[in-house]
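What follows is entry-v2.cif (mmCIF, C-alpha atoms).
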```cif
data_data
loop_
_atom_site.label_atom_id
_atom_site.label_comp_id
_atom_site.auth_asym_id
_atom_site.auth_seq_id
_atom_site.Cartn_x
_atom_site.Cartn_y
_atom_site.Cartn_z
CA MET A 220 5.07 -19.29 44.13
CA ALA A 221 4.55 -18.85 47.87
CA ASP A 222 2.08 -15.97 47.39
CA GLU A 223 0.02 -17.89 44.88
CA ALA A 224 0.13 -20.93 47.11
CA ALA A 225 -1.16 -18.83 50.00
CA GLY A 226 -3.97 -17.56 47.78
CA GLY A 227 -4.79 -21.14 46.82
CA ALA A 228 -4.84 -22.06 50.49
CA ARG A 229 -7.31 -19.26 51.19
CA ARG A 230 -9.49 -20.46 48.35
CA GLY A 231 -9.12 -24.01 49.57
CA GLY A 232 -10.17 -22.96 53.06
CA GLU A 233 -13.64 -22.15 51.65
CA GLU A 234 -13.98 -25.79 50.55
CA LEU A 235 -13.21 -27.30 53.98
CA GLU A 236 -16.88 -27.62 54.90
CA ALA A 237 -17.67 -29.42 51.63
CA ALA A 238 -14.67 -31.71 52.15
CA ALA A 239 -15.76 -32.47 55.72
CA ALA A 240 -19.28 -33.30 54.49
CA ALA A 241 -17.87 -35.61 51.80
CA ALA A 242 -15.66 -37.31 54.41
CA ALA A 243 -18.70 -37.80 56.65
CA GLU A 244 -20.53 -39.51 53.78
CA ARG A 245 -17.65 -41.98 53.35
CA GLY A 246 -17.72 -43.01 56.99
CA PRO A 247 -17.10 -41.79 60.54
CA GLY A 248 -13.35 -42.48 60.32
CA ALA A 249 -12.73 -40.90 56.92
CA ALA A 250 -12.02 -37.49 58.48
CA TYR A 251 -9.06 -38.98 60.39
CA HIS A 252 -7.69 -41.04 57.51
CA MET A 253 -5.23 -38.31 56.51
CA PHE A 254 -3.77 -38.24 60.04
CA ALA A 255 -2.99 -41.96 59.86
CA MET A 256 -1.62 -41.49 56.33
CA MET A 257 0.60 -38.64 57.56
CA GLU A 258 2.03 -40.81 60.34
CA ASP A 259 2.78 -43.60 57.83
CA LEU A 260 4.43 -41.04 55.55
CA LEU A 261 6.61 -39.78 58.40
CA GLU A 262 7.76 -43.33 59.21
CA LYS A 263 8.63 -43.97 55.55
CA LEU A 264 10.56 -40.71 55.35
CA LYS A 265 12.54 -41.70 58.45
CA LEU A 266 13.35 -45.00 56.76
CA LEU A 267 14.67 -42.98 53.82
CA ASN A 268 16.75 -40.73 56.16
CA TYR A 269 15.12 -37.63 54.73
CA GLU A 270 16.55 -35.35 57.43
CA GLU A 271 20.11 -36.29 56.48
CA GLU A 272 19.80 -36.82 52.72
CA ALA A 273 17.38 -34.02 51.79
CA ALA A 274 19.91 -31.25 51.15
CA ALA A 275 17.16 -28.76 50.34
CA LEU A 276 15.90 -28.92 53.91
CA ARG A 277 19.29 -27.98 55.31
CA ARG A 278 19.94 -25.39 52.62
CA HIS A 279 16.68 -23.53 53.24
CA HIS A 280 16.70 -24.10 57.02
CA LEU A 281 13.31 -25.78 56.96
CA ARG A 282 12.16 -27.33 60.18
CA PRO A 283 11.61 -31.11 60.42
CA LEU A 284 8.14 -32.50 59.88
CA SER A 285 5.76 -33.05 62.75
CA ARG A 286 3.26 -35.89 63.04
CA HIS A 287 0.42 -33.86 61.51
CA TYR A 288 2.38 -31.36 59.39
CA PHE A 289 0.54 -32.00 56.08
CA ALA A 290 -2.77 -32.91 57.76
CA LEU A 291 -3.56 -29.52 59.35
CA PRO A 292 -3.27 -25.93 58.02
CA ILE A 293 -0.25 -24.33 59.73
CA ASN A 294 1.48 -22.02 57.22
CA PRO A 295 0.11 -22.52 53.67
CA GLY A 296 3.08 -20.96 51.87
CA GLU A 297 5.67 -22.91 53.85
CA GLN A 298 3.63 -26.12 53.64
CA PHE A 299 3.26 -25.86 49.86
CA TYR A 300 7.00 -25.21 49.41
CA MET A 301 7.82 -28.12 51.76
CA PHE A 302 5.41 -30.33 49.81
CA CYS A 303 7.06 -29.47 46.46
CA THR A 304 10.57 -29.92 47.91
CA LEU A 305 9.80 -33.33 49.43
CA ALA A 306 7.96 -34.47 46.31
CA ALA A 307 10.93 -33.52 44.10
CA TRP A 308 13.37 -35.28 46.45
CA LEU A 309 11.21 -38.44 46.59
CA ILE A 310 10.85 -38.52 42.80
CA THR A 311 14.62 -38.24 42.45
CA LYS A 312 15.01 -40.92 45.13
CA ALA A 313 12.66 -43.17 43.15
CA GLY A 314 14.97 -43.07 40.12
CA HIS A 315 13.38 -40.29 38.07
CA PRO A 316 15.53 -37.14 37.90
CA PHE A 317 13.46 -34.13 38.95
CA GLU A 318 14.61 -30.53 39.34
CA GLN A 319 14.12 -28.95 42.73
CA PRO A 320 11.38 -26.26 42.54
CA GLN A 321 12.19 -22.69 43.45
CA GLU A 322 10.19 -20.39 45.67
CA TYR A 323 8.89 -18.18 42.86
CA ASP A 324 8.08 -20.89 40.30
CA ASP A 325 4.60 -21.26 38.86
CA PRO A 326 2.68 -23.52 41.30
CA ASN A 327 0.41 -24.85 38.56
CA ALA A 328 3.37 -26.02 36.47
CA THR A 329 5.09 -27.55 39.52
CA ILE A 330 1.94 -29.46 40.54
CA SER A 331 1.41 -30.64 36.96
CA ASN A 332 4.97 -32.00 36.77
CA ILE A 333 4.61 -33.80 40.12
CA LEU A 334 1.31 -35.40 39.09
CA SER A 335 2.80 -36.45 35.76
CA GLU A 336 5.64 -38.22 37.57
CA LEU A 337 3.11 -39.83 39.92
CA ARG A 338 1.10 -41.15 36.97
CA SER A 339 4.29 -42.49 35.41
CA PHE A 340 4.66 -44.74 38.48
CA GLY A 341 1.24 -46.21 37.74
CA ARG A 342 -0.59 -44.35 40.51
CA SER A 343 -4.11 -43.07 39.95
CA VAL A 344 -4.96 -39.38 40.44
CA ASP A 345 -8.72 -38.91 40.89
CA PHE A 346 -8.74 -35.35 42.26
CA PRO A 347 -8.22 -31.90 40.68
CA PRO A 348 -4.69 -30.42 40.82
CA SER A 349 -6.02 -27.35 42.64
CA LYS A 350 -6.39 -29.47 45.79
CA LEU A 351 -2.59 -29.50 46.15
CA LYS A 352 -2.18 -25.69 46.09
CA ALA A 353 -3.00 -25.44 49.78
CA GLY A 354 0.01 -27.63 50.64
CA TYR A 355 -1.94 -29.75 53.13
CA GLY A 356 -4.87 -32.13 53.21
CA GLU A 357 -5.62 -35.72 52.28
CA GLN A 358 -4.52 -35.26 48.65
CA ALA A 359 -1.09 -33.90 49.63
CA CYS A 360 -0.56 -36.79 52.09
CA TYR A 361 -1.65 -39.27 49.42
CA VAL A 362 0.83 -37.93 46.81
CA LEU A 363 3.77 -37.90 49.23
CA ASP A 364 2.88 -41.35 50.60
CA CYS A 365 2.78 -42.85 47.08
CA LEU A 366 6.12 -41.24 46.18
CA ALA A 367 7.67 -42.49 49.44
CA GLU A 368 6.53 -46.03 48.62
CA GLU A 369 8.07 -45.78 45.16
CA ALA A 370 11.32 -44.50 46.68
CA LEU A 371 11.40 -47.43 49.12
CA LYS A 372 10.80 -49.84 46.23
CA HIS A 373 13.64 -48.28 44.28
CA THR A 374 16.01 -48.68 47.24
CA ASP A 375 15.03 -52.39 47.49
CA PHE A 376 13.54 -51.92 50.93
CA SER A 377 11.37 -54.74 52.18
CA TRP A 378 9.23 -54.92 55.27
CA LYS A 379 10.16 -57.64 57.71
CA ARG A 380 8.42 -59.16 60.64
CA PRO A 381 8.87 -57.09 63.80
CA ALA A 382 11.40 -58.50 66.27
CA TYR A 383 10.05 -57.89 69.74
CA PRO A 384 12.69 -57.71 72.51
CA THR A 385 12.47 -60.37 75.14
CA GLU A 386 11.70 -58.93 78.50
CA GLU A 387 13.71 -60.48 81.30
CA LEU A 388 11.86 -60.20 84.52
CA GLU A 389 14.31 -59.88 87.34
CA GLU A 390 13.20 -61.77 90.34
CA GLU A 391 14.18 -59.79 93.35
CA ALA A 392 13.43 -60.91 96.82
CA ILE A 393 14.04 -59.43 100.17
CA THR A 394 14.78 -61.85 102.95
CA GLU A 395 13.48 -61.00 106.34
CA ASP A 396 13.66 -63.50 109.18
CA ASP A 397 14.39 -66.24 106.63
CA ALA A 398 10.95 -65.88 104.98
CA GLU A 399 9.81 -64.85 101.47
CA LEU A 400 8.64 -61.30 100.82
CA THR A 401 4.90 -61.23 100.40
CA LEU A 402 2.80 -58.48 98.82
CA ASN A 403 1.59 -57.14 102.15
CA LYS A 404 5.13 -56.92 103.51
CA LEU A 405 6.27 -55.20 100.33
CA GLU A 406 3.52 -52.58 100.70
CA GLU A 407 4.45 -52.02 104.34
CA GLU A 408 8.11 -51.57 103.44
CA ILE A 409 7.18 -49.12 100.65
CA GLU A 410 5.19 -47.03 103.13
CA GLU A 411 8.10 -47.09 105.57
CA GLU A 412 10.56 -46.08 102.86
CA GLU A 413 8.40 -43.13 101.87
CA THR A 414 8.54 -41.79 105.41
CA ASP A 415 12.25 -42.52 105.94
CA ASN A 416 15.07 -40.39 104.69
CA GLU A 417 15.98 -41.35 101.13
CA GLU A 418 19.64 -40.59 101.76
CA ASN A 419 19.96 -43.80 103.82
CA PHE A 420 19.03 -45.99 100.84
CA ILE A 421 21.05 -47.02 97.81
CA ASP A 422 19.40 -46.95 94.40
CA LEU A 423 19.04 -50.39 92.84
CA ASN A 424 20.58 -49.34 89.53
CA VAL A 425 23.62 -47.83 91.28
CA LEU A 426 23.96 -50.99 93.34
CA LYS A 427 23.88 -53.12 90.21
CA ALA A 428 26.52 -50.97 88.52
CA GLN A 429 28.80 -51.15 91.54
CA THR A 430 28.35 -54.90 91.77
CA TYR A 431 29.10 -55.30 88.07
CA ARG A 432 32.28 -53.22 88.33
CA SER A 433 33.43 -55.10 91.41
CA ASP A 434 32.82 -58.42 89.65
CA MET A 435 34.84 -57.23 86.65
CA ASN A 436 37.69 -56.13 88.91
CA GLU A 437 37.67 -59.39 90.82
CA SER A 438 37.69 -61.44 87.61
CA THR A 439 40.87 -59.66 86.50
CA LYS A 440 42.61 -60.43 89.73
CA GLN A 441 44.22 -63.73 90.33
CA GLU A 442 42.39 -66.10 92.56
CA GLU A 443 44.40 -65.56 95.67
CA ILE A 444 41.74 -66.49 98.24
CA LEU A 445 41.23 -70.18 98.22
CA GLU A 446 39.77 -70.57 101.71
CA SER A 447 37.74 -68.11 103.79
CA THR A 448 39.25 -67.09 107.13
CA THR A 449 36.38 -64.71 108.14
CA ASP A 450 34.71 -65.32 111.45
CA ALA A 451 31.02 -66.25 111.19
CA ALA A 452 29.99 -63.98 114.06
CA GLU A 453 31.70 -60.99 112.48
CA TRP A 454 30.08 -61.88 109.14
CA ASN A 455 26.61 -61.90 110.74
CA LEU A 456 27.26 -58.57 112.45
CA GLU A 457 28.33 -57.05 109.15
CA VAL A 458 25.23 -58.43 107.44
CA GLU A 459 22.99 -56.94 110.12
CA ARG A 460 24.77 -53.60 109.75
CA VAL A 461 24.43 -53.44 105.94
CA LEU A 462 20.99 -55.06 105.70
CA PRO A 463 18.97 -51.78 105.90
CA GLN A 464 20.99 -50.37 102.98
CA LEU A 465 20.35 -53.46 100.83
CA LYS A 466 16.61 -53.06 100.75
CA VAL A 467 15.11 -52.97 97.26
CA THR A 468 13.18 -49.84 96.40
CA VAL A 469 10.13 -50.71 94.27
CA ARG A 470 8.45 -47.60 92.93
CA THR A 471 5.07 -47.85 91.26
CA ASP A 472 4.67 -46.35 87.80
CA ASN A 473 1.19 -45.47 86.59
CA LYS A 474 2.30 -46.02 82.99
CA ASP A 475 3.33 -49.63 83.64
CA TRP A 476 1.20 -52.11 81.66
CA ARG A 477 1.06 -54.48 84.63
CA ILE A 478 -0.71 -51.85 86.70
CA HIS A 479 -3.12 -51.26 83.83
CA ILE A 480 -3.87 -54.99 83.66
CA ASP A 481 -4.49 -55.10 87.41
CA GLN A 482 -6.82 -52.14 87.11
CA MET A 483 -8.63 -53.82 84.22
CA HIS A 484 -9.10 -56.97 86.31
CA GLN A 485 -10.35 -54.92 89.23
CA HIS A 486 -12.82 -53.06 87.03
CA LYS A 487 -13.93 -56.34 85.48
CA ASP A 488 -14.57 -57.86 88.90
CA GLY A 489 -16.46 -54.73 89.96
CA ILE A 490 -18.59 -54.82 86.80
CA GLU A 491 -19.36 -58.52 87.25
CA SER A 492 -20.32 -58.06 90.91
CA ALA A 493 -22.49 -55.03 90.05
CA LEU A 494 -24.03 -56.93 87.15
CA LYS A 495 -25.06 -59.80 89.41
CA GLU A 496 -26.97 -57.39 91.61
CA THR A 497 -28.53 -55.37 88.81
CA ARG A 498 -29.36 -58.29 86.50
CA GLY A 499 -32.31 -59.28 88.67
CA TYR A 500 -33.66 -55.74 88.70
CA LEU A 501 -33.17 -55.43 84.95
CA ASP A 502 -34.92 -58.75 84.29
CA LYS A 503 -37.80 -57.73 86.51
CA LEU A 504 -38.05 -54.36 84.75
CA HIS A 505 -37.91 -56.10 81.36
CA ASN A 506 -40.73 -58.44 82.33
CA GLU A 507 -42.87 -55.56 83.58
CA ILE A 508 -42.26 -53.55 80.41
CA SER A 509 -43.10 -56.61 78.27
CA ARG A 510 -46.37 -57.17 80.14
CA THR A 511 -47.25 -53.48 79.86
CA LEU A 512 -46.59 -53.53 76.10
CA GLU A 513 -48.78 -56.61 75.71
CA LYS A 514 -51.58 -54.86 77.61
CA VAL A 515 -51.19 -51.76 75.47
CA ASN A 516 -51.31 -53.83 72.25
CA SER A 517 -54.39 -55.77 73.37
CA ARG A 518 -56.12 -52.54 74.43
CA GLU A 519 -55.26 -50.94 71.12
CA LYS A 520 -56.74 -53.87 69.20
CA TYR A 521 -59.90 -53.69 71.33
CA LEU A 522 -60.28 -49.96 70.71
CA ASN A 523 -59.75 -50.45 66.97
CA ASN A 524 -62.47 -53.10 66.87
CA GLN A 525 -64.89 -50.99 68.90
CA LEU A 526 -64.28 -47.81 66.92
CA GLU A 527 -64.21 -49.35 63.45
CA HIS A 528 -67.57 -47.84 62.38
CA LEU A 529 -66.52 -44.43 63.71
CA VAL A 530 -63.29 -44.67 61.76
CA GLN A 531 -65.27 -45.48 58.61
CA GLU A 532 -67.55 -42.50 59.21
CA TYR A 533 -64.50 -40.32 59.79
CA ARG A 534 -62.96 -41.48 56.52
CA THR A 535 -66.25 -40.78 54.68
CA ALA A 536 -66.42 -37.32 56.22
CA GLN A 537 -62.80 -36.69 55.21
CA ALA A 538 -63.62 -37.68 51.61
CA GLN A 539 -66.63 -35.37 51.58
CA LEU A 540 -64.58 -32.57 53.07
CA SER A 541 -61.93 -32.98 50.36
CA GLU A 542 -64.64 -32.86 47.66
CA ALA A 543 -66.14 -29.72 49.21
CA LYS A 544 -62.69 -28.13 49.34
CA GLU A 545 -62.17 -28.87 45.64
CA LYS A 546 -65.57 -27.34 44.77
CA TYR A 547 -64.80 -24.33 46.94
CA GLN A 548 -61.46 -23.86 45.19
CA GLN A 549 -63.16 -24.05 41.79
CA GLY A 550 -65.85 -21.58 42.88
CA SER A 551 -63.34 -19.25 44.45
CA GLY A 552 -61.37 -19.31 41.20
CA GLY A 553 -64.48 -18.20 39.24
CA VAL A 554 -65.28 -15.51 41.81
CA THR A 555 -61.74 -14.20 41.56
CA GLU A 556 -61.97 -13.94 37.77
CA ARG A 557 -65.35 -12.21 37.92
CA THR A 558 -64.09 -9.82 40.58
CA ARG A 559 -61.20 -8.88 38.32
CA THR A 560 -63.61 -8.28 35.40
CA LEU A 561 -65.85 -6.16 37.67
CA SER A 562 -62.90 -4.04 38.73
CA GLU A 563 -61.96 -3.41 35.09
CA ILE A 564 -65.55 -2.43 34.22
CA THR A 565 -65.69 -0.15 37.27
CA GLU A 566 -62.51 1.61 36.14
CA VAL A 567 -63.96 2.17 32.65
CA LEU A 568 -67.21 3.51 34.19
CA GLU A 569 -65.29 5.89 36.40
CA LYS A 570 -63.45 7.26 33.36
CA VAL A 571 -66.76 7.79 31.46
CA LYS A 572 -68.31 9.56 34.47
CA GLN A 573 -65.32 11.83 34.75
CA GLU A 574 -65.54 12.75 31.07
CA MET A 575 -69.30 13.44 31.36
CA GLU A 576 -68.77 15.64 34.38
CA GLU A 577 -66.10 17.61 32.56
CA LYS A 578 -68.38 18.13 29.53
CA GLY A 579 -71.40 19.11 31.71
CA SER A 580 -69.38 21.55 33.73
CA SER A 581 -68.05 23.10 30.53
CA MET A 582 -71.62 23.42 29.10
CA THR A 583 -73.24 25.00 32.20
CA ASP A 584 -70.36 27.23 33.14
CA GLY A 585 -70.71 30.97 31.95
CA ALA A 586 -67.09 31.81 32.36
CA PRO A 587 -66.23 31.27 28.69
CA LEU A 588 -69.08 33.56 27.61
CA VAL A 589 -67.90 36.29 29.98
CA LYS A 590 -64.42 35.89 28.60
CA ILE A 591 -65.78 36.22 25.05
CA LYS A 592 -67.70 39.40 25.96
CA GLN A 593 -64.67 40.90 27.61
CA ALA A 594 -62.64 40.06 24.54
CA LEU A 595 -65.25 41.73 22.24
CA THR A 596 -65.27 44.84 24.42
CA LYS A 597 -61.53 45.00 24.30
CA LEU A 598 -61.58 44.54 20.55
CA LYS A 599 -64.10 47.40 20.17
CA GLN A 600 -61.94 49.68 22.29
CA GLU A 601 -58.90 48.78 20.29
CA THR A 602 -60.92 49.40 17.07
CA VAL A 603 -61.94 52.88 18.24
CA GLN A 604 -58.36 53.67 19.15
CA MET A 605 -57.20 52.46 15.77
CA ASP A 606 -59.89 54.58 14.03
CA ILE A 607 -58.73 57.64 15.97
CA ARG A 608 -55.15 56.97 15.08
CA ILE A 609 -56.12 56.43 11.44
CA GLY A 610 -58.02 59.76 11.42
CA VAL A 611 -55.08 61.56 12.96
CA VAL A 612 -52.74 60.01 10.43
CA GLU A 613 -55.11 60.94 7.55
CA HIS A 614 -55.41 64.50 8.82
CA THR A 615 -51.66 64.79 9.18
CA LEU A 616 -51.22 63.38 5.70
CA LEU A 617 -53.82 65.82 4.32
CA GLN A 618 -52.11 68.75 5.99
CA SER A 619 -48.77 67.71 4.59
CA LYS A 620 -50.26 67.36 1.10
CA LEU A 621 -51.96 70.76 1.34
CA LYS A 622 -48.78 72.33 2.59
CA GLU A 623 -46.81 70.76 -0.16
CA LYS A 624 -49.36 71.93 -2.73
CA SER A 625 -49.29 75.49 -1.37
CA ASN A 626 -45.52 75.45 -1.52
CA MET A 627 -45.58 74.30 -5.12
CA THR A 628 -48.11 76.97 -6.04
CA ARG A 629 -45.97 79.64 -4.40
CA ASP A 630 -42.93 78.39 -6.18
CA MET A 631 -44.75 78.48 -9.49
CA HIS A 632 -45.91 82.05 -8.91
CA ALA A 633 -42.45 83.06 -7.90
CA THR A 634 -41.02 81.83 -11.20
CA MET A 635 -43.71 83.46 -13.35
CA ILE A 636 -43.36 87.06 -12.01
CA PRO A 637 -39.79 87.73 -13.17
CA GLU A 638 -40.54 86.65 -16.74
CA THR A 639 -43.31 89.24 -17.10
CA THR A 640 -41.12 91.94 -15.71
CA ILE A 641 -38.35 91.10 -18.15
CA GLY A 642 -40.79 91.35 -21.10
CA ALA A 643 -41.92 94.85 -20.05
CA TYR A 644 -38.48 96.21 -20.21
#
```

Written as structure tokens, that's how I'd like the structure from this file.
Amino acid sequence: MADEAAGGARRGGEELEAAAAAAAERGPGAAYHMFAMMEDLLEKLKLLNYEEEAAALRRHHLRPLSRHYFALPINPGEQFYMFCTLAAWLITKAGHPFEQPQEYDDPNATISNILSELRSFGRSVDFPPSKLKAGYGEQACYVLDCLAEEALKHTDFSWKRPAYPTEELEEEAITEDDAELTLNKLEEEIEEEETDNEENFIDLNVLKAQTYRSDMNESTKQEEILESTTDAAEWNLEVERVLPQLKVTVRTDNKDWRIHIDQMHQHKDGIESALKETRGYLDKLHNEISRTLEKVNSREKYLNNQLEHLVQEYRTAQAQLSEAKEKYQQGSGGVTERTRTLSEITEVLEKVKQEMEEKGSSMTDGAPLVKIKQALTKLKQETVQMDIRIGVVEHTLLQSKLKEKSNMTRDMHATMIPETTIGAY
């Protein structure tokens, strides 16, 4: 399931540009809607104690979610498995039993089951299921957010008005020569404290803790001292000795909202003072620009009135030029067609000329006649040779016939002589 989810994420990465263009058409803030939805989802999951109750997270050692976990591509396989695991846990939390998906399950079947459960809660699904294969994006945040809302409804959770803590401003004053501490004196003391050794000062929080513990210890004791026997002069000397250690250390924090408000007021005063000076210049510049525009408009109207007849002539010339262009296009079209016809006729003429040249060259050329004469001479020679061969063959045949005849005659005479001799005896 993780491999196929990674493949789906790679295919989904090709659609990021189209998704960004669609988000831009919806509005300038649509591209950041999924980040806000992811933060809402994370808050709802914390309300459901998902880190403690989701056993699958602990069993598979999955890391906790970050603020933008399902809004940005981090690890597609892990994100898709985390999405399926959280969706199954939220569906079970919402009262519908749902089996936890395994790592090698079919992602299409898992997504189909999750969307079916989401539709059973009455939620609309107007996007293709393939959008969830990547494991991140606006669709994944939407599905998990809807399931988290259904789980909160099932647990009878209700949103209440926020209870803001009351801030108790501690009024701390430093007495010096029996007078109140002003802002200038406070700044001077802060500068002095920065240059002095910090070891000689006691932190305010430590001083408060010590005072609180001493008060608790004194409250447990019995009230033994009913009347003070301390000398006033000794008391004053002790106060003078401890007074440098009782100074309050006020450290400025750039993240404090009071400092930000003071800076805002300072910037506002600076803007107002600068605006008073520049308003006059801007008004003067505005008046000059207005007068210049009026002059330009009046001059333009004057030029239009003076050049009206020239404009009419120009329009007439433009109309004539357009008519001439149309006629030229029509004429050029006819010329093009005739040029094409002329090229075809020229090709046919070239073929005829070539054929005539071939026939003329064949009629005036004596090479065929010479070849015929040579062939006749060769035939005559071959005829003479054949006649000689025929004569030789006939002579040979005649000689063989004569020889055969003489042999027969001799044989006949040889057979006749013995018969005559036998008759004589």

Of the residues A:Thr448, A:Gln549, A:Gln298, A:Asn524, which is the one nearest to Gly356 (chain A), using only C-alpha atoms?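 Of the candidates, the smallest distance to Gly356 (chain A) is held by A:Gln298.
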
For each of A:Val612, A:Leu291, A:Gln464, A:Tyr521, take the minimum atom-to-atom distance to Tyr251 (chain A), counting only C-alpha atoms, then give the residue where this is smallest.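 Between A:Val612, A:Leu291, A:Gln464, A:Tyr521, the residue approaching Tyr251 (chain A) most closely is A:Leu291.
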
Go ahead and find all residues with at least one atom no further than 7 Å from (0.0, -25.3, 35.8) in the file's coordinates, using only C-alpha atoms; report them as a PyMOL selection string. chain A and resi 325-331

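One distance worth recording is that between CA of Met253 (chain A) and CA of Trp476 (chain A), which is 29.4 Å.
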
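The space between CA of Gln537 (chain A) and CA of Thr555 (chain A) spans 26.3 Å.
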